[in-house]
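Structure file input_9.csv (CSV, C-alpha atoms) follows.
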chain,number,residue,atom,x,y,z
A,1,MET,CA,0.0,0.0,0.0
A,2,SER,CA,1.4,3.4,-0.9
A,3,TYR,CA,2.0,6.2,1.6
A,4,ARG,CA,-0.8,8.2,0.1
A,5,SER,CA,-3.2,5.2,0.4
A,6,ARG,CA,-2.1,4.6,4.0
A,7,PHE,CA,-2.6,8.3,4.8
A,8,ALA,CA,-6.1,8.3,3.2
A,9,THR,CA,-7.0,5.2,5.1
A,10,THR,CA,-5.7,6.6,8.4
A,11,VAL,CA,-7.7,9.8,7.8
A,12,SER,CA,-10.8,7.8,7.1
A,13,LEU,CA,-10.4,5.8,10.2
A,14,VAL,CA,-9.9,9.0,12.3
A,15,ILE,CA,-13.0,10.6,10.8
A,16,LEU,CA,-15.0,7.4,11.4
A,17,ALA,CA,-13.8,7.2,15.0
A,18,LEU,CA,-14.7,10.8,15.5
A,19,PHE,CA,-18.1,10.2,13.9
A,20,LEU,CA,-18.7,7.2,16.1
A,21,GLY,CA,-17.5,9.2,19.1
A,22,VAL,CA,-19.9,12.0,18.4
A,23,LEU,CA,-22.7,9.5,17.9
A,24,GLY,CA,-21.8,7.9,21.2
A,25,LEU,CA,-21.7,11.3,22.9
A,26,SER,CA,-25.0,12.2,21.3
A,27,ASN,CA,-26.5,9.0,22.6
A,28,ARG,CA,-25.2,9.7,26.1
A,29,VAL,CA,-26.5,13.2,26.0
A,30,SER,CA,-29.9,11.9,24.8
A,31,ALA,CA,-30.0,9.3,27.5
A,32,HIS,CA,-29.0,12.0,30.1
A,33,ASP,CA,-31.7,14.3,28.8
A,34,ALA,CA,-34.2,11.4,28.8
A,35,SER,CA,-33.5,10.6,32.5
A,36,ILE,CA,-34.0,14.3,33.4
A,37,GLU,CA,-37.3,14.4,31.7
A,38,VAL,CA,-38.4,11.1,33.4
A,39,HIS,CA,-37.5,12.6,36.8
A,40,LYS,CA,-39.4,15.8,36.1
A,41,ALA,CA,-42.4,13.8,34.8
A,42,ALA,CA,-42.4,11.7,38.0
A,43,LEU,CA,-42.5,14.8,40.1
A,44,GLN,CA,-45.3,16.3,38.0
A,45,GLN,CA,-47.2,13.0,38.4
A,46,VAL,CA,-46.9,13.2,42.2
A,47,ILE,CA,-48.1,16.7,42.2
A,48,ASP,CA,-51.1,16.0,39.9
A,49,GLU,CA,-52.2,12.7,41.4
A,50,ALA,CA,-51.1,12.6,45.0
A,51,PHE,CA,-51.3,16.3,46.1
A,52,ASN,CA,-54.1,17.5,43.9
A,53,LEU,CA,-56.2,14.4,43.5
A,54,GLY,CA,-55.4,12.5,46.7
A,55,ASP,CA,-54.2,9.3,45.1
A,56,LEU,CA,-51.4,8.4,47.5
A,57,SER,CA,-50.7,5.1,45.8
A,58,ILE,CA,-48.5,7.0,43.3
A,59,ILE,CA,-46.2,7.7,46.2
A,60,ASP,CA,-45.7,4.0,46.8
A,61,GLU,CA,-45.0,3.6,43.1
A,62,LEU,CA,-42.5,6.5,42.6
A,63,TYR,CA,-40.9,6.7,46.0
A,64,ALA,CA,-38.2,4.3,47.2
A,65,ASP,CA,-38.8,2.0,50.2
A,66,ASP,CA,-36.0,3.8,52.1
A,67,TYR,CA,-37.2,7.3,51.2
A,68,VAL,CA,-36.6,10.1,53.8
A,69,ASN,CA,-37.8,13.7,53.8
A,70,HIS,CA,-35.7,16.3,55.6
A,71,GLY,CA,-37.3,19.7,56.4
A,72,PHE,CA,-40.5,19.1,58.5
A,73,GLY,CA,-38.8,18.9,61.8
A,74,ASP,CA,-38.2,15.2,62.4
A,75,ASP,CA,-37.3,13.3,59.2
A,76,LEU,CA,-40.3,11.6,57.6
A,77,ASP,CA,-40.2,8.2,56.0
A,78,ARG,CA,-42.5,7.3,53.1
A,79,GLU,CA,-45.5,6.4,55.3
A,80,GLN,CA,-45.1,9.5,57.4
A,81,PHE,CA,-44.9,11.6,54.3
A,82,LYS,CA,-48.1,10.1,52.9
A,83,ALA,CA,-49.8,10.8,56.2
A,84,ALA,CA,-48.7,14.4,56.0
A,85,VAL,CA,-50.1,14.8,52.5
A,86,SER,CA,-53.3,13.2,53.7
A,87,MET,CA,-53.5,15.6,56.6
A,88,TRP,CA,-53.0,18.7,54.4
A,89,ARG,CA,-55.8,17.5,52.2
A,90,SER,CA,-58.0,16.9,55.3
A,91,VAL,CA,-57.5,20.2,57.0
A,92,MET,CA,-57.8,22.0,53.6
A,93,PRO,CA,-60.3,20.1,51.5
A,94,ASP,CA,-59.5,22.4,48.5
A,95,PHE,CA,-55.8,21.8,48.8
A,96,THR,CA,-53.7,22.2,45.7
A,97,ALA,CA,-50.0,22.2,44.9
A,98,THR,CA,-48.7,24.3,41.9
A,99,PRO,CA,-45.2,24.0,40.6
A,100,GLU,CA,-43.7,27.3,39.4
A,101,VAL,CA,-40.2,26.1,38.7
A,102,LEU,CA,-39.2,22.5,37.9
A,103,ILE,CA,-35.6,21.6,36.9
A,104,ALA,CA,-33.3,18.6,37.0
A,105,GLN,CA,-29.7,17.5,36.4
A,106,ASP,CA,-28.3,14.0,36.8
A,107,ASP,CA,-30.0,12.4,39.8
A,108,ILE,CA,-31.2,15.6,41.4
A,109,ALA,CA,-34.4,17.7,40.7
A,110,ALA,CA,-35.7,20.8,42.3
A,111,THR,CA,-39.0,22.7,42.4
A,112,ARG,CA,-40.7,25.7,43.8
A,113,LEU,CA,-44.1,24.6,44.9
A,114,ILE,CA,-47.0,26.8,46.1
A,115,TYR,CA,-49.4,25.1,48.5
A,116,ARG,CA,-52.9,26.6,48.7
A,117,GLY,CA,-56.1,25.8,50.5
A,118,THR,CA,-58.7,27.0,52.9
A,119,PHE,CA,-58.2,26.1,56.6
A,120,LEU,CA,-61.5,24.4,57.4
A,121,ASN,CA,-60.6,21.5,59.8
A,122,THR,CA,-58.5,21.1,62.9
A,123,TRP,CA,-54.8,20.8,62.2
A,124,THR,CA,-52.5,18.8,64.5
A,125,MET,CA,-48.8,19.5,64.4
A,126,GLY,CA,-47.0,17.4,67.0
A,127,ASP,CA,-48.2,18.6,70.3
A,128,LEU,CA,-49.9,21.7,68.8
A,129,THR,CA,-53.6,21.6,67.9
A,130,ILE,CA,-54.8,24.4,65.7
A,131,GLU,CA,-58.5,25.2,65.3
A,132,PRO,CA,-59.6,26.3,61.8
A,133,ASN,CA,-60.0,30.0,61.0
A,134,GLY,CA,-61.8,29.5,57.7
A,135,GLN,CA,-59.1,31.6,55.9
A,136,PRO,CA,-57.2,30.9,52.7
A,137,VAL,CA,-53.7,29.7,53.2
A,138,GLU,CA,-50.8,30.0,50.7
A,139,TRP,CA,-47.2,29.1,51.3
A,140,PRO,CA,-44.2,28.4,49.0
A,141,LEU,CA,-41.7,25.6,49.4
A,142,ILE,CA,-38.4,25.0,47.6
A,143,ILE,CA,-37.6,21.3,47.5
A,144,LEU,CA,-34.6,19.4,46.2
A,145,TYR,CA,-35.1,15.7,45.3
A,146,ARG,CA,-32.6,12.9,44.9
A,147,PHE,CA,-33.4,9.9,42.7
A,148,ASN,CA,-31.8,6.4,43.2
A,149,GLU,CA,-30.4,4.2,40.4
A,150,GLU,CA,-33.9,2.8,39.8
A,151,GLY,CA,-35.3,6.2,39.1
A,152,LYS,CA,-37.3,6.5,42.3
A,153,ILE,CA,-37.3,9.4,44.7
A,154,VAL,CA,-35.2,8.4,47.6
A,155,GLU,CA,-34.6,11.7,49.5
A,156,GLU,CA,-36.2,15.2,49.7
A,157,PHE,CA,-34.7,18.3,51.2
A,158,THR,CA,-37.6,20.7,51.9
A,159,ALA,CA,-37.5,24.3,53.0
A,160,PHE,CA,-40.3,26.7,53.9
A,161,ASP,CA,-41.0,29.4,56.4
A,162,GLN,CA,-42.9,28.0,59.3
A,163,ILE,CA,-43.7,31.4,60.8
A,164,ASP,CA,-45.4,32.4,57.5
A,165,LEU,CA,-47.5,29.3,57.6
A,166,LEU,CA,-48.4,29.5,61.4
A,167,THR,CA,-49.3,33.2,61.0
A,168,GLN,CA,-51.8,32.4,58.4
A,169,LEU,CA,-53.2,29.7,60.7
A,170,ASP,CA,-53.4,32.3,63.6
A,171,ALA,CA,-51.0,30.1,65.6
A,172,ALA,CA,-47.6,31.8,65.3
A,173,PRO,CA,-45.7,31.6,68.6
A,174,VAL,CA,-44.2,35.0,68.1
A,175,PRO,CA,-44.5,37.9,70.6
A,176,ASP,CA,-46.1,41.1,69.3
A,177,PHE,CA,-42.8,43.1,69.5
A,178,ILE,CA,-41.2,40.5,67.2
A,179,ALA,CA,-44.2,40.1,64.9
A,180,SER,CA,-44.3,43.8,64.3
A,181,ALA,CA,-40.7,43.8,63.1
A,182,LEU,CA,-41.2,40.9,60.7
A,183,ASN,CA,-42.1,42.0,57.2
A,184,LEU,CA,-45.4,40.8,55.9
A,185,ARG,CA,-44.6,38.4,53.1
A,186,GLU,CA,-46.1,39.2,49.7
A,187,SER,CA,-46.9,36.5,47.2
A,188,VAL,CA,-44.3,36.5,44.4
A,189,VAL,CA,-44.6,34.4,41.3
A,190,ALA,CA,-41.5,32.7,39.9
A,191,GLU,CA,-41.9,32.6,36.2
A,192,MET,CA,-40.2,29.8,34.3
A,193,SER,CA,-40.2,29.7,30.5
A,194,ASP,CA,-41.8,26.6,29.0
A,195,PRO,CA,-39.8,25.0,27.4
A,196,LEU,CA,-36.6,26.0,29.2
A,197,PRO,CA,-34.1,27.6,26.9
A,198,GLU,CA,-31.6,25.2,25.5
A,199,VAL,CA,-28.1,25.8,26.8
A,200,ASP,CA,-24.9,23.8,26.5
A,201,GLU,CA,-23.0,22.1,29.3
A,202,ALA,CA,-20.4,24.9,29.4
A,203,THR,CA,-23.2,27.4,30.2
A,204,LEU,CA,-24.6,25.3,33.0
A,205,GLU,CA,-21.1,24.9,34.4
A,206,ALA,CA,-20.6,28.7,34.2
A,207,HIS,CA,-23.9,29.3,36.1
A,208,ILE,CA,-22.7,27.0,38.8
A,209,ALA,CA,-19.3,28.6,38.9
A,210,ALA,CA,-20.7,32.1,39.2
A,211,PHE,CA,-23.0,31.1,42.0
A,212,THR,CA,-20.2,29.2,43.8
A,213,ALA,CA,-18.0,32.3,43.5
A,214,ALA,CA,-20.7,34.4,45.1
A,215,ILE,CA,-20.8,32.0,48.0
A,216,GLU,CA,-17.1,31.4,48.5
A,217,GLN,CA,-15.9,34.9,47.9
A,218,GLY,CA,-18.9,37.0,48.6
A,219,ILE,CA,-20.0,35.3,51.8
A,220,ASN,CA,-17.3,33.0,53.1
A,221,GLU,CA,-14.5,35.5,52.4
A,222,GLY,CA,-16.5,38.6,52.9
A,223,ASP,CA,-15.8,40.2,49.5
A,224,ILE,CA,-19.3,41.6,48.9
A,225,SER,CA,-18.1,43.4,45.8
A,226,MET,CA,-18.2,40.0,44.2
A,227,PHE,CA,-22.0,40.3,44.0
A,228,ASP,CA,-21.6,43.2,41.5
A,229,THR,CA,-19.7,40.9,39.1
A,230,VAL,CA,-22.2,38.0,39.1
A,231,MET,CA,-25.6,39.8,39.5
A,232,VAL,CA,-27.4,42.3,37.3
A,233,GLU,CA,-27.7,45.8,38.7
A,234,ASP,CA,-31.4,45.5,39.4
A,235,TYR,CA,-31.1,42.1,40.9
A,236,ARG,CA,-33.8,41.1,43.4
A,237,THR,CA,-33.8,38.4,46.0
A,238,HIS,CA,-37.2,37.1,47.3
A,239,GLU,CA,-37.1,35.5,50.7
A,240,PRO,CA,-39.0,35.2,54.0
A,241,PHE,CA,-37.4,38.3,55.6
A,242,GLY,CA,-38.4,40.3,52.5
A,243,ASP,CA,-37.4,41.3,49.0
A,244,PHE,CA,-33.9,42.9,48.7
A,245,THR,CA,-32.0,44.7,46.0
A,246,ARG,CA,-28.4,43.7,45.2
A,247,GLU,CA,-27.1,46.4,47.5
A,248,GLU,CA,-29.4,45.6,50.3
A,249,PHE,CA,-28.5,41.9,50.1
A,250,ALA,CA,-24.8,42.8,50.2
A,251,GLN,CA,-25.4,45.0,53.3
A,252,ALA,CA,-27.3,42.1,55.0
A,253,ILE,CA,-24.5,39.7,54.4
A,254,GLN,CA,-22.0,42.2,55.7
A,255,GLY,CA,-24.1,42.7,58.9
A,256,PHE,CA,-24.4,39.0,59.3
A,257,ARG,CA,-20.7,38.5,59.0
A,258,ASN,CA,-20.1,41.2,61.6
A,259,ALA,CA,-22.3,39.3,64.0
A,260,VAL,CA,-21.0,35.9,63.0
A,261,PRO,CA,-17.3,36.4,62.0
A,262,ASP,CA,-16.7,32.7,61.4
A,263,LEU,CA,-19.7,32.4,59.2
A,264,HIS,CA,-19.3,29.6,56.6
A,265,VAL,CA,-21.7,28.6,53.9
A,266,THR,CA,-21.5,25.0,52.5
A,267,ILE,CA,-23.0,24.2,49.1
A,268,ASP,CA,-24.6,20.9,50.0
A,269,LEU,CA,-26.4,20.3,46.7
A,270,ILE,CA,-26.3,22.2,43.4
A,271,ILE,CA,-27.8,21.6,40.0
A,272,ALA,CA,-28.5,23.7,36.9
A,273,GLU,CA,-30.9,23.4,33.9
A,274,GLY,CA,-31.7,26.0,31.3
A,275,ASP,CA,-31.5,29.4,32.8
A,276,TRP,CA,-32.2,28.2,36.4
A,277,LEU,CA,-30.0,26.9,39.2
A,278,ALA,CA,-31.1,25.2,42.4
A,279,THR,CA,-29.0,24.7,45.6
A,280,ARG,CA,-29.2,23.7,49.2
A,281,LEU,CA,-27.0,25.8,51.5
A,282,ILE,CA,-25.9,25.2,55.0
A,283,TYR,CA,-25.1,28.3,57.1
A,284,GLU,CA,-22.9,27.7,60.2
A,285,GLY,CA,-21.0,29.9,62.6
A,286,THR,CA,-20.9,31.4,66.1
A,287,LEU,CA,-22.9,34.5,67.1
A,288,THR,CA,-20.0,36.5,68.5
A,289,ASN,CA,-21.4,40.1,68.3
A,290,PRO,CA,-25.0,41.4,68.9
A,291,ILE,CA,-27.3,42.0,66.0
A,292,SER,CA,-29.7,45.0,66.2
A,293,ALA,CA,-32.7,45.6,64.0
A,294,GLY,CA,-35.0,48.4,65.0
A,295,ASP,CA,-36.0,47.9,68.6
A,296,ILE,CA,-34.8,44.3,68.6
A,297,THR,CA,-31.3,43.3,69.7
A,298,VAL,CA,-30.0,39.7,69.5
A,299,ASP,CA,-27.3,39.5,72.1
A,300,GLN,CA,-27.1,35.7,72.8
A,301,VAL,CA,-23.4,35.8,72.2
A,302,GLY,CA,-21.8,32.4,71.9
A,303,SER,CA,-24.7,30.7,70.3
A,304,GLU,CA,-23.9,28.2,67.5
A,305,ILE,CA,-25.9,29.0,64.4
A,306,ARG,CA,-26.9,26.5,61.8
A,307,PHE,CA,-29.7,26.8,59.3
A,308,ILE,CA,-30.6,25.6,55.9
A,309,VAL,CA,-31.5,27.8,52.9
A,310,ASN,CA,-32.9,26.4,49.6
A,311,VAL,CA,-32.4,28.6,46.7
A,312,LEU,CA,-33.6,28.9,43.1
A,313,GLU,CA,-31.6,31.4,41.0
A,314,HIS,CA,-32.6,32.7,37.6
A,315,PHE,CA,-29.9,33.8,35.0
A,316,SER,CA,-29.9,36.2,32.1
A,317,GLU,CA,-28.7,35.3,28.6
A,318,ASP,CA,-25.4,37.0,29.5
A,319,GLY,CA,-24.9,34.6,32.4
A,320,LEU,CA,-25.6,37.1,35.2
A,321,ALA,CA,-28.0,36.3,38.0
A,322,LEU,CA,-31.3,38.1,37.5
A,323,GLU,CA,-33.2,37.1,40.7
A,324,ASP,CA,-33.4,34.4,43.3
A,325,TYR,CA,-36.0,32.8,45.4
A,326,LYS,CA,-35.0,31.6,48.9
A,327,GLU,CA,-36.9,29.5,51.5
A,328,TYR,CA,-35.8,28.9,55.1
A,329,ASN,CA,-37.4,28.5,58.5
A,330,ARG,CA,-37.4,31.8,60.3
A,331,LEU,CA,-38.8,30.1,63.4
A,332,SER,CA,-35.7,28.0,63.7
A,333,TRP,CA,-33.5,31.1,63.2
A,334,LEU,CA,-35.3,33.1,66.0
A,335,ARG,CA,-35.0,30.1,68.4
A,336,GLN,CA,-31.3,29.8,67.7
A,337,VAL,CA,-30.5,33.4,68.5
A,338,GLY,CA,-32.6,33.4,71.6
A,339,LEU,CA,-35.6,35.5,70.5
A,340,LEU,CA,-37.9,32.6,71.0
A,341,PRO,CA,-37.7,29.7,73.4
A,342,ALA,CA,-36.4,26.4,72.0
A,343,ALA,CA,-38.9,23.9,70.7
A,344,SER,CA,-40.1,21.5,73.4
Represent the structure contained in this file as structure tokens.
Amino acid sequence: MSYRSRFATTVSLVILALFLGVLGLSNRVSAHDASIEVHKAALQQVIDEAFNLGDLSIIDELYADDYVNHGFGDDLDREQFKAAVSMWRSVMPDFTATPEVLIAQDDIAATRLIYRGTFLNTWTMGDLTIEPNGQPVEWPLIILYRFNEEGKIVEEFTAFDQIDLLTQLDAAPVPDFIASALNLRESVVAEMSDPLPEVDEATLEAHIAAFTAAIEQGINEGDISMFDTVMVEDYRTHEPFGDFTREEFAQAIQGFRNAVPDLHVTIDLIIAEGDWLATRLIYEGTLTNPISAGDITVDQVGSEIRFIVNVLEHFSEDGLALEDYKEYNRLSWLRQVGLLPAAS
């Protein structure tokens, strides 16, 4: 065989290998995308059939035997979670769950759900019995889900504001002087485009990198100027303590770091799809200096602080953060800093 023939054959083999490699990659990406859509479809089925229609058998079908739910105080297993759904539908016969954002990546999915209903029947929460007030109730949750190798939901990480819920039930254990300082929470709709914009893997990684930099440099290292580089100028954060601009958020972080100098935020879970990102954050540190807000001063110096924040962040086409939605339990926070007695 001549050199030219051997060269042509080699080139052909290389092209064929590349072609097959691309096909293999395409197949892997397709399978990856298919698993994401399967996970999202499973969550939508749970919302439609279990939450909104009351068919709890779908939970047995789509949830793993060793399923556990973190976020409702004590961890819930599958039967306890089914009992919770049944209770919500009992105390609020018109109970509905509406997903506003639903994304997935690999074996993790995340959603922002809005629970709604009218409080018509007695609600029992542990040792607390709450009589109905006949009023409409609405509260948002951000939930991250982990799927096992069989494609079943094996773990949920739930975050919502318990004070917000209990206030609507006329049962919030908050003194008047604290209640007056808490902002009244307004209903904010998170709008997700349908379908999500198609972005490549590099863009998703860039979103995660930008968010990670904001946490590591902006919060853990205290360089709040970092927020200016990863957030649009009119950025808004929507959370239980209120809606904040980029500048107000930076000031809040600075004030928090002054009170908790060893503050450290751990990114426990993080995923991205389309122009959205979801994460579970763990804030930890020691309350070293008092915090003052209006007439309220938190001076329980030496307290160990640990609380969970679930976040959904929305990005612009330029890769800058447009807005975020946060959920966390203010009741736990107030107890940790000594403004409310610890749970019995």
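Between Asp275 in chain A and the candidates A:Val188, A:Ala34, A:Leu204, A:Ala181, the tightest atom-to-atom separation, counting all atoms listed in the file, involves A:Leu204.
Nearest residue to Thr158 in chain A among A:Thr279, A:Ser57, A:Thr203, A:Gln217 is A:Thr279, counting all atoms listed in the file.
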Report as a Markdown table the residues of range 160-210 of chain A within 7 Å of range 89-111 of chain A, each with its shortest atom pair and distance in Å (one decimal), using only C-alpha atoms, ordered by chain and increasing residue number.
| residue | atom | partner | partner_atom | distance |
| --- | --- | --- | --- | --- |
| A:Ala190 | CA | A:Glu100 | CA | 5.9 |
| A:Glu191 | CA | A:Glu100 | CA | 6.4 |
| A:Met192 | CA | A:Val101 | CA | 5.7 |
Could you write those residues out with C-alpha atoms, as a tab-separated table (two decimals), keeping the file's coordinate frame?
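Writing done, so here's again.tsv:
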chain	number	residue	atom	x	y	z
A	190	ALA	CA	-41.50	32.70	39.90
A	191	GLU	CA	-41.90	32.60	36.20
A	192	MET	CA	-40.20	29.80	34.30
Practice problem: Provide the CA of Leu196 in chain A to CA of Leu312 in chain A distance in Å, to one decimal place. | Solution: 14.5 Å
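The nearest approach to Ser303 in chain A among the residues A:Thr288, A:Thr118, A:Asn258, A:Gln44, with all atoms listed in the file taken into account, belongs to A:Thr288.
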